[in-house]
Structure formats: C-alpha cells, structure tokens
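Enquirer: Input start.txt, format and content: compact mmCIF, C-alpha atoms.
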```txt
# COMPACT_ATOMS: atom_id res chain seq x y z
CA MET A 299 0.00 0.00 0.00
CA THR A 300 2.95 2.30 0.62
CA ALA A 301 3.88 2.43 -3.04
CA ALA A 302 0.44 3.79 -3.93
CA ILE A 303 1.06 6.94 -1.91
CA GLU A 304 4.76 7.42 -2.62
CA PRO A 305 5.46 11.19 -2.80
CA GLY A 306 8.19 10.90 -5.39
CA THR A 307 11.14 11.57 -3.09
CA SER A 308 10.65 8.82 -0.51
CA PRO A 309 8.20 5.95 -0.11
CA PHE A 310 7.98 6.78 3.59
CA ILE A 311 7.16 10.52 3.36
CA VAL A 312 3.82 11.68 1.97
CA ASN A 313 2.43 15.10 1.17
CA VAL A 314 -1.16 14.98 2.42
CA THR A 315 -4.04 15.96 0.14
CA LEU A 316 -7.80 15.64 0.56
CA ASP A 317 -7.59 12.78 -1.94
CA ASN A 318 -5.15 10.63 0.03
CA VAL A 319 -5.94 11.43 3.68
CA ARG A 320 -8.53 8.64 3.97
CA GLU A 321 -6.07 6.18 2.45
CA LEU A 322 -3.44 7.24 5.00
CA ILE A 323 -5.80 6.73 7.92
CA GLU A 324 -6.70 3.30 6.52
CA GLN A 325 -3.00 2.54 6.19
CA SER A 326 -2.57 3.17 9.93
CA PHE A 327 -4.33 -0.19 10.51
CA HIS A 328 -1.16 -1.78 9.08
CA THR A 329 1.58 0.84 9.64
CA PRO A 330 1.60 3.78 12.09
CA VAL A 331 1.14 7.15 10.34
CA LEU A 332 2.64 10.31 11.81
CA PHE A 333 0.71 13.43 10.70
CA ASP A 334 2.90 16.55 10.87
CA PHE A 335 0.97 19.83 10.66
CA TRP A 336 3.38 22.56 9.57
CA ALA A 337 3.70 25.90 7.75
CA ASP A 338 6.52 27.51 5.78
CA TRP A 339 6.59 30.60 8.05
CA CYS A 340 6.96 28.45 11.20
CA ALA A 341 10.60 28.25 12.36
CA PRO A 342 9.99 25.38 14.85
CA CYS A 343 8.32 23.47 12.00
CA LYS A 344 11.45 23.86 9.89
CA ALA A 345 13.58 22.65 12.80
CA LEU A 346 11.35 19.62 13.38
CA LEU A 347 10.79 18.48 9.80
CA PRO A 348 14.35 17.28 9.02
CA ILE A 349 14.33 15.22 12.23
CA LEU A 350 11.03 13.59 11.30
CA SER A 351 12.23 13.01 7.73
CA LYS A 352 15.46 11.46 8.97
CA LEU A 353 13.54 9.12 11.27
CA ALA A 354 11.11 8.14 8.51
CA GLU A 355 14.04 7.08 6.32
CA GLU A 356 15.83 5.40 9.21
CA TYR A 357 12.78 3.40 10.26
CA ASN A 358 12.57 2.19 6.65
CA GLY A 359 8.79 1.79 6.56
CA GLY A 360 8.26 1.35 10.30
CA PHE A 361 5.97 4.37 10.07
CA ILE A 362 4.78 6.80 7.40
CA LEU A 363 5.39 10.53 7.77
CA ALA A 364 2.36 12.44 6.45
CA LYS A 365 3.11 16.17 5.96
CA VAL A 366 0.12 18.54 6.18
CA ASP A 367 0.79 22.04 4.83
CA THR A 368 -1.60 24.19 6.86
CA GLU A 369 -1.19 27.07 4.40
CA ASP A 370 -2.84 24.99 1.68
CA GLN A 371 -6.40 26.36 1.64
CA GLY A 372 -7.65 23.08 0.25
CA LEU A 373 -6.61 21.38 3.49
CA SER A 374 -8.43 23.85 5.77
CA PRO A 375 -11.26 21.35 6.51
CA LEU A 376 -8.66 18.78 7.60
CA VAL A 377 -6.86 21.31 9.83
CA MET A 378 -10.17 22.25 11.46
CA GLN A 379 -11.16 18.59 11.85
CA PHE A 380 -7.93 17.86 13.73
CA GLY A 381 -8.41 20.97 15.89
CA ILE A 382 -4.98 22.39 15.16
CA ARG A 383 -4.29 25.45 17.34
CA SER A 384 -0.48 25.71 17.24
CA LEU A 385 2.37 24.66 14.97
CA PRO A 386 3.99 22.30 14.64
CA THR A 387 1.46 19.73 15.86
CA VAL A 388 2.06 16.02 15.36
CA TYR A 389 -0.45 13.17 15.72
CA LEU A 390 0.41 9.49 15.50
CA PHE A 391 -2.39 7.36 14.07
CA GLN A 392 -2.71 3.64 14.68
CA ASN A 393 -5.68 1.44 13.78
CA GLY A 394 -7.46 4.45 12.33
CA GLN A 395 -7.28 6.57 15.50
CA PRO A 396 -4.90 9.19 16.99
CA VAL A 397 -3.07 7.44 19.82
CA ASP A 398 -0.25 9.85 20.63
CA GLY A 399 1.34 13.12 19.59
CA PHE A 400 2.91 16.40 20.65
CA SER A 401 3.02 20.13 19.90
CA GLY A 402 6.13 22.22 19.31
CA ALA A 403 9.58 21.15 18.18
CA GLN A 404 10.87 18.21 20.21
CA PRO A 405 14.36 16.69 20.50
CA GLU A 406 15.03 13.57 18.48
CA SER A 407 15.37 11.45 21.62
CA GLN A 408 11.79 12.19 22.71
CA ILE A 409 10.39 11.51 19.25
CA ARG A 410 12.25 8.20 19.17
CA ALA A 411 10.75 7.31 22.55
CA LEU A 412 7.26 7.97 21.16
CA LEU A 413 7.87 5.93 18.01
CA GLN A 414 9.32 2.99 19.93
CA LYS A 415 5.97 2.48 21.63
CA TYR A 416 4.25 1.84 18.30
CA THR A 417 6.91 0.54 15.91
CA LYS A 418 9.32 -2.35 15.65
CA PRO A 419 12.93 -1.79 16.79
CA VAL A 420 15.22 -0.24 14.20
CA GLU A 421 18.46 -2.01 13.34
CA ALA A 422 21.49 0.14 14.11
CA GLU A 423 22.91 -0.19 10.62
CA THR A 424 19.91 1.63 9.11
CA SER A 425 20.81 4.82 10.95
CA ILE A 426 21.48 7.84 8.76
CA ASP A 427 24.56 9.92 9.55
CA PRO A 428 23.44 13.31 10.94
CA LYS A 429 26.59 14.87 9.49
CA GLU A 430 25.49 13.77 6.03
CA LEU A 431 21.98 15.15 6.63
CA ALA A 432 23.38 18.49 7.81
CA GLU A 433 25.71 18.70 4.81
CA GLN A 434 22.77 18.08 2.49
CA ALA A 435 20.82 20.87 4.18
CA ILE A 436 23.80 23.25 3.83
CA VAL A 437 24.13 22.50 0.11
CA ALA A 438 20.40 23.21 -0.25
CA GLY A 439 20.88 26.57 1.50
CA GLU A 440 18.79 25.48 4.52
CA LEU A 441 21.20 26.68 7.18
CA THR A 442 18.72 26.85 10.08
CA THR A 443 17.67 23.28 9.29
CA ALA A 444 21.31 22.18 9.30
CA GLN A 445 21.81 23.94 12.62
CA ALA A 446 18.84 22.12 14.15
CA ILE A 447 20.14 18.75 12.95
CA LEU A 448 23.61 19.45 14.36
CA ASN A 449 22.32 20.73 17.72
CA ASP A 450 20.25 17.61 18.17
CA ALA A 451 23.07 15.29 17.10
CA LEU A 452 25.55 16.98 19.44
CA SER A 453 23.20 16.49 22.39
CA GLU A 454 23.71 12.75 21.83
CA GLN A 455 27.33 12.88 20.59
CA PRO A 456 28.96 15.66 22.68
CA GLU A 457 32.49 14.59 21.72
CA ASN A 458 31.95 14.35 17.96
CA TYR A 459 34.35 17.08 16.85
CA ASP A 460 33.45 16.64 13.18
CA LEU A 461 29.92 17.76 14.04
CA PHE A 462 31.28 20.74 16.00
CA LEU A 463 33.35 21.77 12.99
CA LEU A 464 30.30 21.67 10.77
CA GLN A 465 28.36 23.62 13.37
CA ALA A 466 31.06 26.32 13.33
CA SER A 467 30.77 26.49 9.55
CA VAL A 468 26.99 26.95 9.77
CA CYS A 469 27.38 29.67 12.42
CA ALA A 470 29.86 31.50 10.18
CA GLN A 471 27.50 31.35 7.21
CA LEU A 472 24.64 32.64 9.39
CA GLY A 473 26.79 35.59 10.48
CA ASP A 474 27.24 34.35 14.07
CA ALA A 475 30.97 35.02 14.20
CA ASP A 476 31.32 34.86 18.00
CA ASN A 477 29.88 31.36 18.28
CA ALA A 478 31.84 30.13 15.25
CA LYS A 479 35.12 31.34 16.79
CA ALA A 480 34.22 29.95 20.21
CA ILE A 481 33.46 26.51 18.75
CA ILE A 482 36.76 26.37 16.87
CA ASN A 483 38.76 27.62 19.86
CA GLY A 484 37.25 24.79 21.93
CA LEU A 485 38.35 22.07 19.53
CA PRO A 486 41.44 19.87 19.98
CA ASP A 487 44.42 20.79 17.80
CA SER A 488 43.72 17.92 15.41
CA HIS A 489 40.45 19.61 14.40
CA LYS A 490 41.39 23.23 15.09
CA ASN A 491 44.08 22.97 12.40
CA SER A 492 41.87 21.14 9.90
CA THR A 493 41.03 22.43 6.44
CA LEU A 494 37.42 23.14 7.41
CA ALA A 495 38.46 25.12 10.50
CA LYS A 496 40.76 27.24 8.32
CA GLU A 497 37.93 27.74 5.85
CA VAL A 498 35.60 28.92 8.62
CA LEU A 499 38.15 31.37 10.03
CA ALA A 500 38.84 32.69 6.53
CA ARG A 501 35.10 33.23 5.95
CA LEU A 502 34.91 35.18 9.22
CA THR A 503 37.83 37.31 8.04
CA PHE A 504 35.96 38.24 4.88
CA ALA A 505 32.80 38.97 6.86
CA ASP A 506 34.81 41.44 8.96
CA LEU A 507 36.26 43.09 5.87
CA ILE A 508 32.87 44.11 4.48
CA LYS A 509 31.39 45.56 7.66
CA GLU A 510 32.19 49.10 6.51
CA ALA A 511 32.04 48.43 2.78
CA PRO A 512 29.49 50.01 0.41
CA GLU A 513 27.31 47.69 -1.66
CA MET A 514 28.71 46.24 -4.89
CA PRO A 515 26.98 48.64 -7.34
CA ALA A 516 28.52 51.63 -5.53
CA LEU A 517 31.95 49.98 -5.54
CA HIS A 518 31.75 49.20 -9.27
CA ALA A 519 30.73 52.80 -9.96
CA ARG A 520 33.66 54.15 -7.94
CA LEU A 521 36.14 51.91 -9.78
CA GLU A 522 34.74 52.95 -13.13
CA ALA A 523 35.43 56.54 -12.14
CA ASP A 524 38.87 55.75 -10.70
CA ALA A 525 40.53 52.41 -11.51
CA ASN A 526 43.23 53.17 -8.91
CA ALA A 527 40.81 53.33 -5.95
CA SER A 528 42.56 50.67 -3.89
CA GLN A 529 40.23 50.61 -0.91
CA GLU A 530 37.17 50.19 -3.13
CA ARG A 531 38.84 47.39 -5.13
CA PHE A 532 39.73 45.62 -1.90
CA TRP A 533 36.16 45.95 -0.58
CA LEU A 534 34.80 44.74 -3.89
CA ALA A 535 36.94 41.59 -3.69
CA ALA A 536 35.67 40.86 -0.19
CA ARG A 537 32.04 41.37 -1.24
CA LEU A 538 32.55 39.08 -4.23
CA VAL A 539 33.83 36.36 -1.92
CA MET A 540 30.79 36.61 0.36
CA ALA A 541 28.58 36.48 -2.73
CA GLY A 542 30.28 33.24 -3.84
CA GLN A 543 32.01 34.85 -6.85
CA ASN A 544 35.44 33.60 -5.90
CA GLU A 545 37.21 33.80 -9.24
CA GLU A 546 36.13 37.41 -9.75
CA ALA A 547 37.40 38.17 -6.24
CA MET A 548 40.78 36.60 -7.03
CA GLN A 549 41.05 38.68 -10.19
CA GLN A 550 40.38 41.87 -8.22
CA LEU A 551 42.97 40.99 -5.58
CA LEU A 552 45.62 40.19 -8.18
CA GLN A 553 44.94 43.46 -9.93
CA LEU A 554 45.21 45.32 -6.62
CA MET A 555 48.54 43.58 -5.93
CA ARG A 556 49.92 44.73 -9.28
CA GLN A 557 48.62 48.30 -8.90
CA ASP A 558 49.26 48.96 -5.22
CA ARG A 559 51.30 46.27 -3.45
CA ALA A 560 51.74 48.49 -0.39
CA PHE A 561 47.99 48.89 0.19
CA GLY A 562 47.02 47.81 3.69
CA ASP A 563 50.44 46.33 4.43
CA ASP A 564 50.27 43.88 1.52
CA ALA A 565 46.57 43.22 2.21
CA ALA A 566 45.80 41.95 -1.31
CA ARG A 567 48.32 39.11 -1.13
CA LYS A 568 47.37 38.16 2.45
CA THR A 569 43.68 38.19 1.61
CA LEU A 570 44.22 36.08 -1.49
CA ILE A 571 45.96 33.47 0.67
CA SER A 572 43.03 33.60 3.12
CA LEU A 573 40.73 32.92 0.18
CA PHE A 574 42.86 29.91 -0.77
CA ASP A 575 42.47 28.63 2.81
CA MET A 576 38.73 29.13 2.68
CA LEU A 577 38.32 27.16 -0.55
CA GLY A 578 40.79 24.42 0.34
CA ALA A 579 43.86 23.17 -1.50
CA ALA A 580 41.86 20.78 -3.70
CA HIS A 581 39.73 23.53 -5.23
CA PRO A 582 40.63 24.02 -8.93
CA LEU A 583 40.66 27.82 -8.63
CA VAL A 584 43.25 27.61 -5.88
CA ASN A 585 45.77 25.76 -8.07
CA THR A 586 45.24 28.19 -10.95
CA TYR A 587 45.52 31.35 -8.90
CA ARG A 588 48.44 30.15 -6.77
CA ARG A 589 50.40 30.03 -10.02
CA LYS A 590 49.18 33.50 -10.97
CA LEU A 591 50.10 34.80 -7.53
CA TYR A 592 53.61 33.33 -7.89
CA GLN A 593 53.98 34.94 -11.33
CA ALA A 594 52.84 38.32 -9.96
CA LEU A 595 55.33 38.12 -7.13
CA TYR A 596 58.35 36.90 -9.12
```
In structure tokens, what does this structure look like?
Expert:
Amino acid sequence: MTAAIEPGTSPFIVNVTLDNVRELIEQSFHTPVLFDFWADWCAPCKALLPILSKLAEEYNGGFILAKVDTEDQGLSPLVMQFGIRSLPTVYLFQNGQPVDGFSGAQPESQIRALLQKYTKPVEAETSIDPKELAEQAIVAGELTTAQAILNDALSEQPENYDLFLLQASVCAQLGDADNAKAIINGLPDSHKNSTLAKEVLARLTFADLIKEAPEMPALHARLEADANASQERFWLAARLVMAGQNEEAMQQLLQLMRQDRAFGDDAARKTLISLFDMLGAAHPLVNTYRRKLYQALY
C-alpha cells in the first residue's frame, strides 16, 4: 500500500491531500502514520521536519510521515477537523485513530521514545549519519535546518568534533561570528588545524572586511570613475567572496597587488591566501591562482 502513496522523493514521506488522507488513515491499521501539521513561516516546523524526515528514512517503513501544509487552503477542513491550534502539531495514528502526539519542536530522543511504543525496533545499521543530513541541508541553503540537525546530534554525541566543525561552519554562514570562533577555539588541535576550520576562520575574516564596505553597485561605480581606488577594489573583492564569486574576487585581488602592493600592508596578497584557505587546496581555482600569484610576485 505504501507504493500507492509514494510522494516521489521517498516511499515513507507523503504530502497529504484531501484525496489521500482517507487512504493514509486506513494505512494506519497496518503501519503507524505520523501526521505533521506545519507551515513555511513556522521556524519550529522547519527545525522539526528534518528530524522527522530522517527518522522516517531510518525506520525504513516502520511508520509513514504524512506532511500537512496548513497554508494549503484546500486542506483547511482537515486542519479544522484535527483541531490544530499551534504549529507544529504532530499526531500518531494507529488502527485508524490518533493514539499519541505532541506540539512544538521536540528533541530527536523524545520523538524516538514515542515511536518505539508503536513501531518495531530499528536495526542500528539503518541509521542515517546526521553529518550527512546536515551537509545536504547546507548545500540546499537550509542553514537553520542544518543547525537544528547538528544541535540535536551533538546532544547525543557531545564529543563528535566533526559535528562541532560543521556547526562552526553553519554559524559562520549565518553571520554568528562569536559562536563560530568559540566553537573552533574549543576544539582539539587535530580539528582546530583542519582544512574546514581554516575555511571557517577565513570566511569570518571576509565577513569582517565588508562591515564598513558600500554595496557592490557603488563599488563598481567608484572603480569605473577611478581604476586606482585601492580601498574600493579591496572591498569589492571581499564582497565578491561573500557572494560566492570567488574567481572574480581573485582577479580583483591580483589586480590590486599589481597596482598597489603596499595597500594595507600587503593586504591583497594576504587576503588572497586567506581565500585559498577558505576554498581548500583541492579547489581548482586555488591551483590556478596560486600560479598567478607566484607569477605576480616573481
């Protein structure tokens, strides 16, 4: 029966519609169904959903996660029928009836405890790596989701320094420089000197550089008027980095080196090296522009 309601991304996660809700309730006679009432504007919903999705995959059919978008006007009768007053609200259905549930974002450990009462034990080897889940969320641009996954994982794995490193990276990308630095400073040397730690610190450096910088259109206009405006070229490079335009930033820094090597006590060269650290030695741009830097110097 699961295959009939497969959402397209997972056979264990279903987007609820008025057409399939009855089928889902009927399915609860065979497999528990967890109805998650959520909304896109709801931050706790966004923190909870990746945990529920992770568990649905991990339980491998032990229960079905049924997502109810409360902003879908077509589902208003269903929302009213369930008496939803706050978000997120989760109901677990078994044998056609709600038997358990909760409101508000909950830690993974409590959700597991609820599921264990109604599902078969999960084999340890089916567990999904929270680091992998967080990395997927980061790639998708869902930084708050990644942060929620990491916070929950670290509550259970407080000595997993790989997770702390990733947490520092997320903090840096969210603009929380103090926490990012504090996390890295608390790591053992083996992780504090890692490539990712250097990347995080480099990102924080660039974030500091643009605190006083005008926006990019103003910087471009100033450089069009005066190609020798060193401060504006330096700011532009930093803004390009934070915008993800790394090659353009490297070009600006090389040009600044050639035009005004003395600017900011050799700031262009030092900043270019920081950018190399941020991207990592394996990045193809780093190899290319290290050679260009060497040629500019010698």
Enquirer: Show me as JSON, numbers by chain the residues that reach within 12 Å of (33.0, 34.4, 13.6), counting only C-alpha atoms and using the file's own coordinates.
Expert: {"A": [465, 466, 467, 468, 469, 470, 471, 472, 473, 474, 475, 476, 477, 478, 479, 480, 481, 482, 483, 495, 496, 497, 498, 499, 500, 501, 502, 503, 504, 505, 506]}
Enquirer: Would you list the residues near (42.9, 30.7, -11.8), meaning any protein, DNA or RNA residue with an atom at most 10 Å from that point in file coordinates, counting all atoms listed in the file, as a PyMOL selection string?
Expert: chain A and resi 544-546+548-549+582-591
Enquirer: In Å, with one decimal, what is the gap from CA of Ala579 in chain A to CA of Gln434 in chain A?
Expert: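 Taking CA of Ala579 in chain A and CA of Gln434 in chain A, their separation equals 22.1 Å.
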Enquirer: Counting only C-alpha atoms, which residue out of A:Lys418, A:Asn358, A:Val314, A:Lys352 sits closest to Val377 in chain A?
Expert: A:Val314
Enquirer: Nearest to Glu510 in chain A: which of A:Ala527, A:Leu376, A:Leu494, A:Ala536 is it, counting only C-alpha atoms?
Expert: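 Distance minimum relative to Glu510 in chain A lands on A:Ala536.
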Enquirer: Do you know which residues are at most 8 Å from Leu316 in chain A counting only C-alpha atoms, after dropping those on the same chain fewer than 2 positions away, and could you put them as a ChimeraX atom specification?
Expert: /A:314,318-320,372-373,376
